[in-house]
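Participant: Below is the file entry17.txt, with compact mmCIF, C-alpha atoms and all ligand atoms.
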```txt
# COMPACT_ATOMS: atom_id res chain seq x y z
CA MET A 16 143.30 44.71 148.84
CA ASP A 17 146.11 44.27 146.35
CA LEU A 18 144.31 45.29 143.17
CA GLU A 19 143.04 48.48 144.71
CA ARG A 20 146.49 49.43 145.99
CA GLU A 21 147.97 48.77 142.54
CA PHE A 22 145.28 50.96 140.95
CA GLU A 23 145.99 53.78 143.38
CA ARG A 24 149.71 53.46 142.79
CA VAL A 25 149.25 53.73 139.00
CA VAL A 26 147.04 56.80 139.34
CA ALA A 27 149.27 58.53 141.89
CA ALA A 28 152.34 57.91 139.72
CA GLU A 29 150.59 59.73 136.85
CA HIS A 30 150.46 56.55 134.81
CA ARG A 31 147.40 55.85 132.72
CA VAL A 32 144.75 53.32 133.59
CA GLU A 33 144.03 51.09 130.58
CA PRO A 34 140.82 49.22 129.67
CA ARG A 35 141.83 45.76 130.84
CA ASP A 36 143.21 46.94 134.20
CA TRP A 37 141.31 46.37 137.39
CA MET A 38 139.58 49.57 138.56
CA PRO A 39 137.16 50.45 141.37
CA ASP A 40 133.48 50.33 140.42
CA GLY A 41 133.03 53.97 141.31
CA TYR A 42 135.86 55.01 138.99
CA ARG A 43 134.32 53.05 136.13
CA LYS A 44 130.85 54.43 136.77
CA THR A 45 132.05 58.02 137.08
CA LEU A 46 133.95 57.72 133.82
CA VAL A 47 131.12 56.08 131.90
CA ARG A 48 128.76 58.82 133.05
CA GLN A 49 131.19 61.64 132.28
CA ILE A 50 132.33 60.29 128.90
CA ALA A 51 128.76 59.49 127.84
CA GLN A 52 127.59 62.99 128.76
CA HIS A 53 130.53 64.41 126.92
CA ALA A 54 129.77 62.31 123.82
CA HIS A 55 126.08 63.26 123.92
CA SER A 56 127.09 66.93 124.13
CA GLU A 57 129.15 66.67 120.95
CA ILE A 58 126.27 64.96 119.13
CA ILE A 59 123.53 67.33 120.33
CA GLY A 60 125.97 70.19 119.78
CA MET A 61 125.69 69.66 116.03
CA GLN A 62 122.11 70.96 116.05
CA PRO A 63 122.36 74.65 116.96
CA GLU A 64 124.99 75.28 114.28
CA GLY A 65 123.58 72.73 111.86
CA ASN A 66 120.54 75.02 111.70
CA TRP A 67 122.63 77.51 109.76
CA ILE A 68 124.35 75.27 107.21
CA GLY A 69 121.61 75.81 104.63
CA ARG A 70 121.53 79.54 105.30
CA ALA A 71 125.25 80.33 105.50
CA PRO A 72 125.87 83.56 103.57
CA SER A 73 128.58 82.22 101.24
CA LEU A 74 129.94 78.96 99.89
CA ARG A 75 133.10 79.53 101.96
CA ARG A 76 131.14 79.86 105.20
CA LYS A 77 128.98 76.89 104.29
CA ALA A 78 132.01 74.65 103.68
CA ILE A 79 133.60 75.78 106.97
CA LEU A 80 130.42 75.20 108.95
CA LEU A 81 129.89 71.77 107.40
CA ALA A 82 133.44 70.77 108.32
CA LYS A 83 132.98 72.04 111.85
CA VAL A 84 129.71 70.20 112.41
CA GLN A 85 131.23 67.04 110.93
CA ASP A 86 134.10 67.37 113.41
CA GLU A 87 131.60 67.49 116.28
CA ALA A 88 130.08 64.23 115.04
CA GLY A 89 133.59 62.80 115.02
CA HIS A 90 134.20 63.99 118.59
CA GLY A 91 131.02 62.25 119.70
CA LEU A 92 132.18 59.01 118.07
CA TYR A 93 135.70 59.12 119.57
CA LEU A 94 134.07 59.52 122.96
CA TYR A 95 131.47 56.79 122.50
CA ALA A 96 134.35 54.50 121.52
CA ALA A 97 136.18 55.45 124.74
CA ALA A 98 133.05 54.73 126.81
CA GLU A 99 132.75 51.32 125.18
CA THR A 100 136.23 50.35 126.40
CA LEU A 101 134.71 50.58 129.90
CA GLY A 102 131.99 48.10 129.01
CA ALA A 103 129.26 50.56 128.04
CA ASP A 104 127.01 49.39 125.21
CA ARG A 105 126.77 51.77 122.29
CA ALA A 106 123.11 51.19 121.46
CA GLU A 107 122.22 51.66 125.09
CA LEU A 108 124.10 54.97 125.26
CA THR A 109 122.04 56.24 122.35
CA ARG A 110 118.86 55.02 124.05
CA ASN A 111 119.87 56.80 127.26
CA LEU A 112 120.19 60.04 125.33
CA VAL A 113 116.98 59.90 123.31
CA GLU A 114 114.98 58.70 126.30
CA GLY A 115 116.35 61.48 128.48
CA ARG A 116 118.12 59.27 131.02
CA GLN A 117 121.53 60.83 130.42
CA LYS A 118 122.31 64.51 130.11
CA TYR A 119 124.37 66.63 127.75
CA SER A 120 125.80 70.12 128.15
CA SER A 121 123.01 72.63 128.78
CA ILE A 122 124.59 75.18 126.49
CA PHE A 123 123.03 73.41 123.51
CA ASN A 124 119.54 74.07 124.83
CA TYR A 125 119.78 77.70 123.72
CA PRO A 126 118.61 78.72 120.23
CA THR A 127 120.75 80.15 117.41
CA LEU A 128 118.79 83.20 116.30
CA THR A 129 121.15 84.84 113.80
CA PHE A 130 124.24 83.94 111.82
CA ALA A 131 126.34 85.87 114.35
CA ASP A 132 125.46 83.07 116.79
CA VAL A 133 127.57 80.72 114.66
CA GLY A 134 130.57 82.97 115.22
CA VAL A 135 129.90 83.44 118.91
CA ILE A 136 129.47 79.70 119.45
CA GLY A 137 132.85 79.07 117.84
CA TRP A 138 134.49 81.79 119.89
CA LEU A 139 132.84 81.37 123.30
CA VAL A 140 131.30 77.90 123.40
CA ASP A 141 134.16 76.09 121.70
CA GLY A 142 136.51 78.37 123.65
CA ALA A 143 135.01 77.26 126.96
CA ALA A 144 135.05 73.65 125.76
CA ILE A 145 138.77 73.98 125.02
CA CYS A 146 139.41 75.26 128.56
CA ASN A 147 137.61 72.20 129.90
CA GLN A 148 139.19 69.75 127.50
CA VAL A 149 142.87 70.67 127.52
CA PRO A 150 143.39 69.35 131.08
CA LEU A 151 141.41 66.22 130.13
CA CYS A 152 144.22 65.31 127.71
CA ARG A 153 146.04 64.25 130.91
CA THR A 154 143.10 62.53 132.56
CA SER A 155 143.97 59.22 134.24
CA TYR A 156 141.95 56.94 131.94
CA GLY A 157 144.03 56.26 128.82
CA PRO A 158 141.34 55.97 126.11
CA TYR A 159 139.59 59.14 127.36
CA ALA A 160 142.86 61.08 127.42
CA ARG A 161 143.74 59.93 123.89
CA ALA A 162 140.30 60.85 122.57
CA MET A 163 140.68 64.31 124.11
CA ILE A 164 144.03 64.82 122.41
CA ARG A 165 142.39 64.23 119.03
CA VAL A 166 139.50 66.50 119.97
CA CYS A 167 141.72 69.35 121.17
CA LYS A 168 143.74 69.29 117.95
CA GLU A 169 140.53 69.95 116.03
CA GLU A 170 138.96 72.48 118.40
CA SER A 171 141.40 75.24 117.64
CA PHE A 172 140.03 75.44 114.08
CA HIS A 173 136.54 75.74 115.58
CA GLN A 174 137.42 78.65 117.78
CA ARG A 175 139.44 80.50 115.17
CA GLN A 176 136.80 80.23 112.44
CA GLY A 177 134.27 81.68 114.90
CA TYR A 178 136.46 84.59 115.87
CA GLU A 179 137.33 85.32 112.25
CA LEU A 180 133.65 85.25 111.31
CA LEU A 181 132.94 87.81 114.06
CA MET A 182 135.85 90.03 113.02
CA THR A 183 134.45 90.05 109.50
CA MET A 184 130.99 91.05 110.73
CA MET A 185 132.47 93.75 112.98
CA ARG A 186 134.05 95.32 109.89
CA GLY A 187 130.62 95.34 108.22
CA THR A 188 127.53 97.51 108.64
CA PRO A 189 126.20 98.91 111.95
CA ALA A 190 123.42 96.32 111.75
CA GLN A 191 125.98 93.53 111.52
CA ARG A 192 127.90 94.89 114.49
CA GLU A 193 124.68 95.04 116.48
CA MET A 194 123.98 91.45 115.54
CA VAL A 195 127.34 90.39 116.94
CA GLN A 196 126.81 92.31 120.19
CA ASP A 197 123.34 90.81 120.57
CA ALA A 198 124.73 87.30 120.13
CA VAL A 199 127.48 87.99 122.70
CA ASP A 200 124.84 89.29 125.15
CA ARG A 201 122.84 86.09 124.81
CA TRP A 202 125.73 83.56 124.93
CA TRP A 203 128.10 85.05 127.51
CA TRP A 204 126.38 83.86 130.70
CA PRO A 205 125.41 80.40 129.39
CA SER A 206 129.08 79.99 128.34
CA LEU A 207 130.21 80.66 131.91
CA MET A 208 127.71 78.05 133.10
CA MET A 209 129.41 75.44 130.91
CA PHE A 210 132.00 74.94 133.65
CA GLY A 211 129.33 73.57 135.96
CA PRO A 212 128.13 74.59 139.41
CA PRO A 213 130.41 76.47 141.82
CA ASP A 214 132.98 74.34 143.62
CA ALA A 215 131.10 74.46 146.91
CA GLU A 216 128.12 72.74 145.27
CA SER A 217 129.92 70.41 142.90
CA ALA A 218 129.25 66.95 144.25
CA ASN A 219 131.75 64.92 142.24
CA THR A 220 134.73 67.24 142.05
CA GLU A 221 136.68 66.02 145.07
CA GLN A 222 136.65 62.32 144.27
CA SER A 223 137.30 63.01 140.58
CA MET A 224 140.33 65.07 141.46
CA ARG A 225 141.65 62.30 143.69
CA TRP A 226 141.26 59.83 140.83
CA ARG A 227 142.95 62.36 138.52
CA ILE A 228 139.97 62.30 136.20
CA LYS A 229 139.65 66.03 136.80
CA ARG A 230 142.64 68.30 137.32
CA HIS A 231 141.10 71.69 138.04
CA THR A 232 137.93 72.72 139.79
CA ASN A 233 134.98 74.27 137.94
CA ASP A 234 135.69 77.71 139.37
CA GLU A 235 139.39 77.58 138.43
CA LEU A 236 138.53 76.75 134.82
CA ARG A 237 135.80 79.39 134.70
CA GLN A 238 138.27 82.03 135.92
CA ARG A 239 140.82 80.96 133.33
CA PHE A 240 138.19 81.30 130.60
CA VAL A 241 137.16 84.78 131.71
CA ASP A 242 140.78 85.94 131.84
CA MET A 243 141.45 84.58 128.36
CA THR A 244 138.29 86.01 126.84
CA VAL A 245 138.31 89.60 128.11
CA PRO A 246 141.19 90.80 125.88
CA GLN A 247 139.68 88.94 122.91
CA ALA A 248 136.41 90.82 123.42
CA GLU A 249 138.25 94.12 123.59
CA ARG A 250 140.10 93.40 120.37
CA LEU A 251 136.85 92.42 118.70
CA GLY A 252 135.15 95.59 119.89
CA VAL A 253 132.26 94.01 121.78
CA THR A 254 131.14 94.49 125.38
CA LEU A 255 130.74 91.49 127.64
CA PRO A 256 127.35 91.92 129.35
CA ASP A 257 128.57 92.12 132.94
CA PRO A 258 128.92 95.50 134.70
CA ALA A 259 130.88 93.82 137.50
CA LEU A 260 133.58 92.59 135.14
CA ALA A 261 136.87 94.29 136.12
CA TRP A 262 140.55 93.55 136.44
CA ASN A 263 141.61 92.85 140.01
CA ALA A 264 145.33 93.60 140.23
CA GLU A 265 145.59 92.11 143.68
CA ARG A 266 144.28 88.72 142.59
CA GLY A 267 145.83 88.95 139.15
CA HIS A 268 142.47 87.92 137.71
CA HIS A 269 139.26 89.49 136.48
CA ASP A 270 136.41 89.78 138.93
CA PHE A 271 133.02 89.02 137.45
CA GLY A 272 129.36 89.12 138.45
CA GLU A 273 127.16 86.50 140.02
CA ILE A 274 125.94 83.75 137.70
CA ASP A 275 122.21 83.08 137.66
CA TRP A 276 122.35 79.55 139.07
CA ALA A 277 118.59 79.31 139.20
CA GLU A 278 118.57 79.56 135.41
CA PHE A 279 121.38 77.01 135.20
CA TRP A 280 119.45 74.43 137.22
CA ARG A 281 116.24 75.17 135.35
CA VAL A 282 117.90 74.37 132.03
CA VAL A 283 119.74 71.32 133.42
CA LYS A 284 116.42 69.95 134.68
CA GLY A 285 114.87 70.20 131.23
CA ASP A 286 113.22 73.58 131.17
CA GLY A 287 115.51 75.45 128.77
CA PRO A 288 114.36 77.08 125.53
CA CYS A 289 115.22 74.04 123.33
CA ASN A 290 115.59 70.93 125.54
CA ALA A 291 112.56 69.10 124.14
CA GLU A 292 113.34 70.06 120.56
CA ARG A 293 116.98 68.88 120.74
CA VAL A 294 116.15 65.45 122.11
CA ALA A 295 113.16 65.01 119.79
CA HIS A 296 115.36 65.85 116.81
CA ARG A 297 118.02 63.35 117.86
CA ARG A 298 115.40 60.65 118.40
CA GLN A 299 113.85 61.33 115.00
CA ALA A 300 117.22 61.12 113.26
CA HIS A 301 117.96 57.84 115.03
CA GLU A 302 114.59 56.34 114.11
CA ASP A 303 114.78 57.56 110.53
CA GLY A 304 118.14 55.83 110.23
CA ALA A 305 116.91 52.46 111.46
CA TRP A 306 116.22 51.08 107.97
CA VAL A 307 119.74 51.99 106.86
CA ARG A 308 121.29 50.15 109.80
CA GLU A 309 119.09 47.13 109.15
CA ALA A 310 119.71 47.10 105.40
CA ALA A 311 123.47 47.30 105.87
CA ALA A 312 123.40 44.48 108.39
CA ALA A 313 121.27 42.33 106.05
CA TYR A 314 123.61 43.01 103.14
CA ALA A 315 126.64 42.07 105.24
CA ALA A 316 124.91 38.84 106.31
CA LYS A 317 124.12 37.94 102.70
CA LYS A 318 127.70 38.55 101.63
CA ARG A 319 128.97 36.34 104.45
CA GLU A 320 126.65 33.51 103.35
CA ARG A 321 127.82 33.73 99.77
CA ALA A 322 131.43 33.62 100.83
CA VAL A 323 130.98 30.31 102.66
CA MET B 25 113.07 51.26 118.64
CA THR B 26 115.12 48.75 116.67
CA ASP B 27 118.84 48.39 117.09
CA ALA B 28 120.50 46.27 114.45
CA SER B 29 123.82 46.37 116.24
CA TRP B 30 126.94 46.31 114.12
CA PRO B 31 130.17 44.66 115.24
CA LEU B 32 133.01 46.65 116.77
CA TYR B 33 136.18 47.24 114.74
CA GLU B 34 139.54 48.47 115.97
CA VAL B 35 141.25 51.00 113.70
CA PHE B 36 144.99 51.34 113.00
CA VAL B 37 146.48 54.18 110.97
CA ARG B 38 149.90 54.59 109.37
CA GLY B 39 150.63 58.28 109.83
CA LYS B 40 153.11 58.46 107.01
CA ARG B 41 155.44 56.24 105.05
CA GLY B 42 158.14 54.78 107.24
CA LEU B 43 155.97 54.55 110.37
CA ASN B 44 154.08 51.62 111.85
CA HIS B 45 150.32 51.47 111.93
CA VAL B 46 149.16 52.76 115.30
CA HIS B 47 145.89 52.03 117.07
CA VAL B 48 143.70 55.15 116.99
CA GLY B 49 140.31 53.99 118.29
CA SER B 50 137.34 51.94 117.30
CA LEU B 51 134.03 52.13 115.48
CA HIS B 52 130.99 50.07 114.56
CA ALA B 53 130.32 48.96 111.00
CA PRO B 54 128.22 46.27 109.28
CA ASP B 55 131.17 44.79 107.38
CA ASP B 56 134.90 45.16 106.68
CA GLU B 57 134.47 47.43 103.70
CA MET B 58 132.19 49.86 105.50
CA ALA B 59 134.50 49.78 108.51
CA LEU B 60 137.32 50.98 106.26
CA ARG B 61 135.20 53.77 104.79
CA ASN B 62 133.94 54.89 108.18
CA ALA B 63 137.49 54.79 109.54
CA ARG B 64 138.62 57.11 106.79
CA ASP B 65 135.85 59.61 107.56
CA LEU B 66 136.27 59.36 111.31
CA TYR B 67 140.01 59.12 111.88
CA THR B 68 141.63 60.74 108.84
CA ARG B 69 139.68 63.92 108.09
CA ARG B 70 142.93 65.93 107.97
CA ASN B 71 145.44 63.70 106.22
CA GLU B 72 146.31 61.92 109.46
CA GLY B 73 147.24 58.80 107.55
CA VAL B 74 148.36 57.14 104.34
CA SER B 75 147.06 53.67 105.16
CA ILE B 76 144.36 52.21 107.41
CA TRP B 77 143.84 48.75 108.89
CA VAL B 78 140.57 47.70 110.42
CA VAL B 79 140.07 44.46 112.30
CA ARG B 80 137.08 43.09 114.15
CA ALA B 81 137.65 43.57 117.86
CA ASP B 82 136.57 39.99 118.59
CA ALA B 83 139.34 38.68 116.30
CA ILE B 84 142.09 40.14 118.48
CA THR B 85 143.91 37.96 120.96
CA ALA B 86 145.35 40.01 123.79
CA SER B 87 147.70 39.37 126.67
CA SER B 88 146.12 39.01 130.10
CA PRO B 89 144.29 41.89 131.84
CA ASP B 90 147.16 43.64 133.52
CA GLU B 91 149.22 45.22 130.79
CA LYS B 92 152.47 44.39 132.50
CA ASP B 93 152.28 41.11 134.37
CA PRO B 94 154.25 37.84 134.14
CA PHE B 95 153.53 37.65 130.42
CA PHE B 96 156.12 40.37 129.89
CA ALA B 97 158.50 39.12 132.54
CA PRO B 98 160.70 37.14 130.11
CA SER B 99 161.83 40.41 128.55
CA GLY B 100 161.84 42.28 131.87
CA ASP B 101 164.90 40.47 133.18
CA LYS B 102 166.92 40.67 129.99
CA VAL B 103 168.39 44.08 130.60
CA TYR B 104 171.32 43.19 128.34
CA ARG B 105 168.98 43.74 125.38
CA HIS B 106 169.16 47.47 126.00
CA PRO B 107 172.09 49.64 124.92
CA THR B 108 172.27 51.32 128.33
CA PHE B 109 173.34 47.95 129.82
CA TYR B 110 176.85 48.51 128.48
CA ALA B 111 179.16 51.01 130.15
CA ILE B 112 181.27 52.83 127.57
CA PRO B 113 183.69 55.64 128.54
CA ASP B 114 182.48 59.15 127.62
CA ASP B 115 185.50 59.83 125.41
CA VAL B 116 184.58 57.13 122.88
CA PRO B 117 182.91 59.07 120.04
CA HIS B 118 179.73 58.17 118.16
CA LEU B 119 178.68 55.25 120.34
FE FE A 401 133.76 69.16 119.85
FE FE A 402 134.09 72.21 118.62
```
Using structure tokens, write down the structure that the file contains.
Ligand SMILES: [Fe+2]
Ligand SMILES: [Fe+2]

Facilitator:
Amino acid sequence: MDLEREFERVVAAEHRVEPRDWMPDGYRKTLVRQIAQHAHSEIIGMQPEGNWIGRAPSLRRKAILLAKVQDEAGHGLYLYAAAETLGADRAELTRNLVEGRQKYSSIFNYPTLTFADVGVIGWLVDGAAICNQVPLCRTSYGPYARAMIRVCKEESFHQRQGYELLMTMMRGTPAQREMVQDAVDRWWWPSLMMFGPPDAESANTEQSMRWRIKRHTNDELRQRFVDMTVPQAERLGVTLPDPALAWNAERGHHDFGEIDWAEFWRVVKGDGPCNAERVAHRRQAHEDGAWVREAAAAYAAKKRERAV
Amino acid sequence: MTDASWPLYEVFVRGKRGLNHVHVGSLHAPDDEMALRNARDLYTRRNEGVSIWVVRADAITASSPDEKDPFFAPSGDKVYRHPTFYAIPDDVPHL
């Protein structure tokens, strides 16, 4: 069929698919699911760090953290807007999230126990997100690619503020250094899980690569992240909690230990430390905001009437 | 759960003086004024712009689905509108 051949030609030529173009149903569905999950992750991702805004140790750290969390809200909105260009309904996306029908990144189902977690999230979690997101700036769907370009520009601040926070704590007392190491111990493995299941078990990878939605496999991106992070950990003076982690000169990459995939699937399926709390919190915030949405709509309607 | 759904607005930002407004994305807002405020918070948190336009998405008239179909053909065959149409010898300076 002509339309399908034209679509494939555009994608193969590295041109971008735009909202009003014809596209296969599967392409549209895959994108809506991926972009929605991505948007939900940004929105839920505000919670673990948001926990520490009121308890940040200085005005400087509080202002930085506020700006970071506000950015994550912005990322969620850019992405919801991109999903809407595919015909998704915004209110329904929110319903899918608060009613548990759509997922978000499992990393946000872990708790933030100390202020060092704020630094480690910036360094490792935003760091892993950057690894995932940089190739998405060239993803085949135009609005998604453009949203990712905006996001990536802002992420580098997120990662750097985290690393700087950790460097500051590492120059502090022994207790502060211990706090940093403890946070690294807790976040390292979940960060590696952010890249998704191993390639052999990743159901959607092949088709997504053919459609140029994805450009690298989960395992490739995970390896890239490990290679980037090891020297940063050394410079910081922390130990990554993996005895199998070692440079492999032959491969030109670091080898690393086996990920606990049973834990990964447990958390994905809803049984992580904070799954219920995160969704309940989002639902509460949405419900508490209902009167504001209604009042603003009523006010706008009244103004329109007066203008006639 | 109630959903008083707000209309969709498209957002255009002028990056700096001398440049055109460029489409940056969209957002929902109850009215024009709130759309402008939300656009500022969402799309210009780091001085990305000196001026913002917002327009309701349903007020936009667009060319037909395919972004480059017969609608653009009238300009497609007028290659003489482009400077590269004209062969000028390499030794002519500044042209
Ligand atoms: Fe983000
Ligand atoms: Fe971030």

Participant: What lies within 10 Å of B:Leu66 using all atoms listed in the file, ignoring chain neighbours under 5 positions off, as a list in words?

Facilitator: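 Non-adjacent residues within range: Gln85, Asp86, Ala88, Gly89, His90, Leu92 and Tyr93 of chain A; Gly49, Ser50, Leu51, Leu60 and Arg61 of chain B.
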
Participant: Please check which protein, DNA or RNA residues sit within 9 Å of ligand FE 402 (chain A), counting only C-alpha atoms and all ligand atoms, and write them as a list in words.

Facilitator: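 Checked against 9 Å with only C-alpha atoms and all ligand atoms; the hits are Glu57, Gly60, Lys83, Val84, Asp86, Glu87, His90, Ile136, Gly137, Val140, Asp141, Gly142, Ala144, Ile145, Val166, Cys167, Glu169, Glu170, Ser171, Phe172, His173 and Gln174 of chain A.
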
Participant: Determine the nearest neighbour of chain A from the options B:Asp55, B:Asp101, B:Glu72, B:Glu34, counting all atoms listed in the file.

Facilitator: B:Asp55

Participant: Please check the contacts: residues of chain A at most 8 Å away from chain B, using all atoms listed in the file, listed as an mmCIF file with C-alpha atoms, keeping the file's coordinate frame.

Facilitator:
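The resulting selection_32.cif:
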```cif
data_model
loop_
_atom_site.group_PDB
_atom_site.id
_atom_site.type_symbol
_atom_site.label_atom_id
_atom_site.label_comp_id
_atom_site.auth_asym_id
_atom_site.auth_seq_id
_atom_site.Cartn_x
_atom_site.Cartn_y
_atom_site.Cartn_z
ATOM 1 C CA GLU A 33 144.030 51.090 130.580
ATOM 2 C CA ARG A 35 141.830 45.760 130.840
ATOM 3 C CA ASP A 36 143.210 46.940 134.200
ATOM 4 C CA TRP A 37 141.310 46.370 137.390
ATOM 5 C CA GLY A 89 133.590 62.800 115.020
ATOM 6 C CA LEU A 92 132.180 59.010 118.070
ATOM 7 C CA TYR A 93 135.700 59.120 119.570
ATOM 8 C CA ALA A 96 134.350 54.500 121.520
ATOM 9 C CA ALA A 97 136.180 55.450 124.740
ATOM 10 C CA ALA A 106 123.110 51.190 121.460
ATOM 11 C CA GLU A 302 114.590 56.340 114.110
ATOM 12 C CA ALA A 305 116.910 52.460 111.460
ATOM 13 C CA ARG A 308 121.290 50.150 109.800
ATOM 14 C CA GLU A 309 119.090 47.130 109.150
ATOM 15 C CA ALA A 311 123.470 47.300 105.870
ATOM 16 C CA ALA A 312 123.400 44.480 108.390
ATOM 17 C CA ALA A 315 126.640 42.070 105.240
#
```

Participant: Hey, can you check how far atom CA of A:Ser120 sits from atom CA of A:His53?

Facilitator: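 That distance, rounded to one decimal, is 7.5 Å.
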
Participant: As an exercise, work out the distance from atom CA of B:Lys40 to atom CA of A:Lys168 in Å and give it to one decimal place.

Facilitator: 18.0 Å

Participant: Do you have the atom CA of A:Val282-atom CA of A:Pro205 distance handy?

Facilitator: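 Taking atom CA of A:Val282 and atom CA of A:Pro205, their separation equals 10.0 Å.
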
Participant: Which residues are close to stretch 284-298 of chain A, i.e. within 9 Å by only C-alpha atoms, leaving aside same-chain residues fewer than 2 positions away? Reply as a PyMOL selection string.

Facilitator: chain A and resi 58-59+62-63+109-110+112-115+121+123-126+278-282+300-303

Participant: Based on the selection just made, write C-alpha atoms of those residues as a PDB file, in the frame of the given file.

Facilitator:
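In the end it all went to part.pdb:
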```pdb
ATOM      1  CA  ILE A  58     126.270  64.960 119.130  1.00  0.00           C
ATOM      2  CA  ILE A  59     123.530  67.330 120.330  1.00  0.00           C
ATOM      3  CA  GLN A  62     122.110  70.960 116.050  1.00  0.00           C
ATOM      4  CA  PRO A  63     122.360  74.650 116.960  1.00  0.00           C
ATOM      5  CA  THR A 109     122.040  56.240 122.350  1.00  0.00           C
ATOM      6  CA  ARG A 110     118.860  55.020 124.050  1.00  0.00           C
ATOM      7  CA  LEU A 112     120.190  60.040 125.330  1.00  0.00           C
ATOM      8  CA  VAL A 113     116.980  59.900 123.310  1.00  0.00           C
ATOM      9  CA  GLU A 114     114.980  58.700 126.300  1.00  0.00           C
ATOM     10  CA  GLY A 115     116.350  61.480 128.480  1.00  0.00           C
ATOM     11  CA  SER A 121     123.010  72.630 128.780  1.00  0.00           C
ATOM     12  CA  PHE A 123     123.030  73.410 123.510  1.00  0.00           C
ATOM     13  CA  ASN A 124     119.540  74.070 124.830  1.00  0.00           C
ATOM     14  CA  TYR A 125     119.780  77.700 123.720  1.00  0.00           C
ATOM     15  CA  PRO A 126     118.610  78.720 120.230  1.00  0.00           C
ATOM     16  CA  GLU A 278     118.570  79.560 135.410  1.00  0.00           C
ATOM     17  CA  PHE A 279     121.380  77.010 135.200  1.00  0.00           C
ATOM     18  CA  TRP A 280     119.450  74.430 137.220  1.00  0.00           C
ATOM     19  CA  ARG A 281     116.240  75.170 135.350  1.00  0.00           C
ATOM     20  CA  VAL A 282     117.900  74.370 132.030  1.00  0.00           C
ATOM     21  CA  ALA A 300     117.220  61.120 113.260  1.00  0.00           C
ATOM     22  CA  HIS A 301     117.960  57.840 115.030  1.00  0.00           C
ATOM     23  CA  GLU A 302     114.590  56.340 114.110  1.00  0.00           C
ATOM     24  CA  ASP A 303     114.780  57.560 110.530  1.00  0.00           C
TER      25      ASP A 303
END
```

Participant: Residues at most 7 Å from A:Phe271, counting all atoms listed in the file, excluding those fewer than 2 positions away in the same chain, as a count of residues only?

Facilitator: 5

Participant: Hey, what's within 8 Å of A:Gln117 if we count all atoms listed in the file and toss same-chain stuff fewer than 3 positions away? As a PyMOL selection string, please?

Facilitator: chain A and resi 48+51-52+111-112

Participant: Would you save the residues from that selection as a PDB file, in the coordinates of the input, using C-alpha atoms?

Facilitator:
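Okay, part05.pdb is ready:
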```pdb
ATOM      1  CA  ARG A  48     128.760  58.820 133.050  1.00  0.00           C
ATOM      2  CA  ALA A  51     128.760  59.490 127.840  1.00  0.00           C
ATOM      3  CA  GLN A  52     127.590  62.990 128.760  1.00  0.00           C
ATOM      4  CA  ASN A 111     119.870  56.800 127.260  1.00  0.00           C
ATOM      5  CA  LEU A 112     120.190  60.040 125.330  1.00  0.00           C
TER       6      LEU A 112
END
```

Participant: Could you work out an axis-aligned box for stretch 57-69 of chain B, taking every atom the file lists and adding 5 Å on each side, and report centre and edge lengths in Å to one decimal, as lines of an AutoDock Vina configuration file?

Facilitator:
```
center_x = 136.9
center_y = 55.7
center_z = 107.8
size_x = 19.4
size_y = 26.5
size_z = 18.2
```
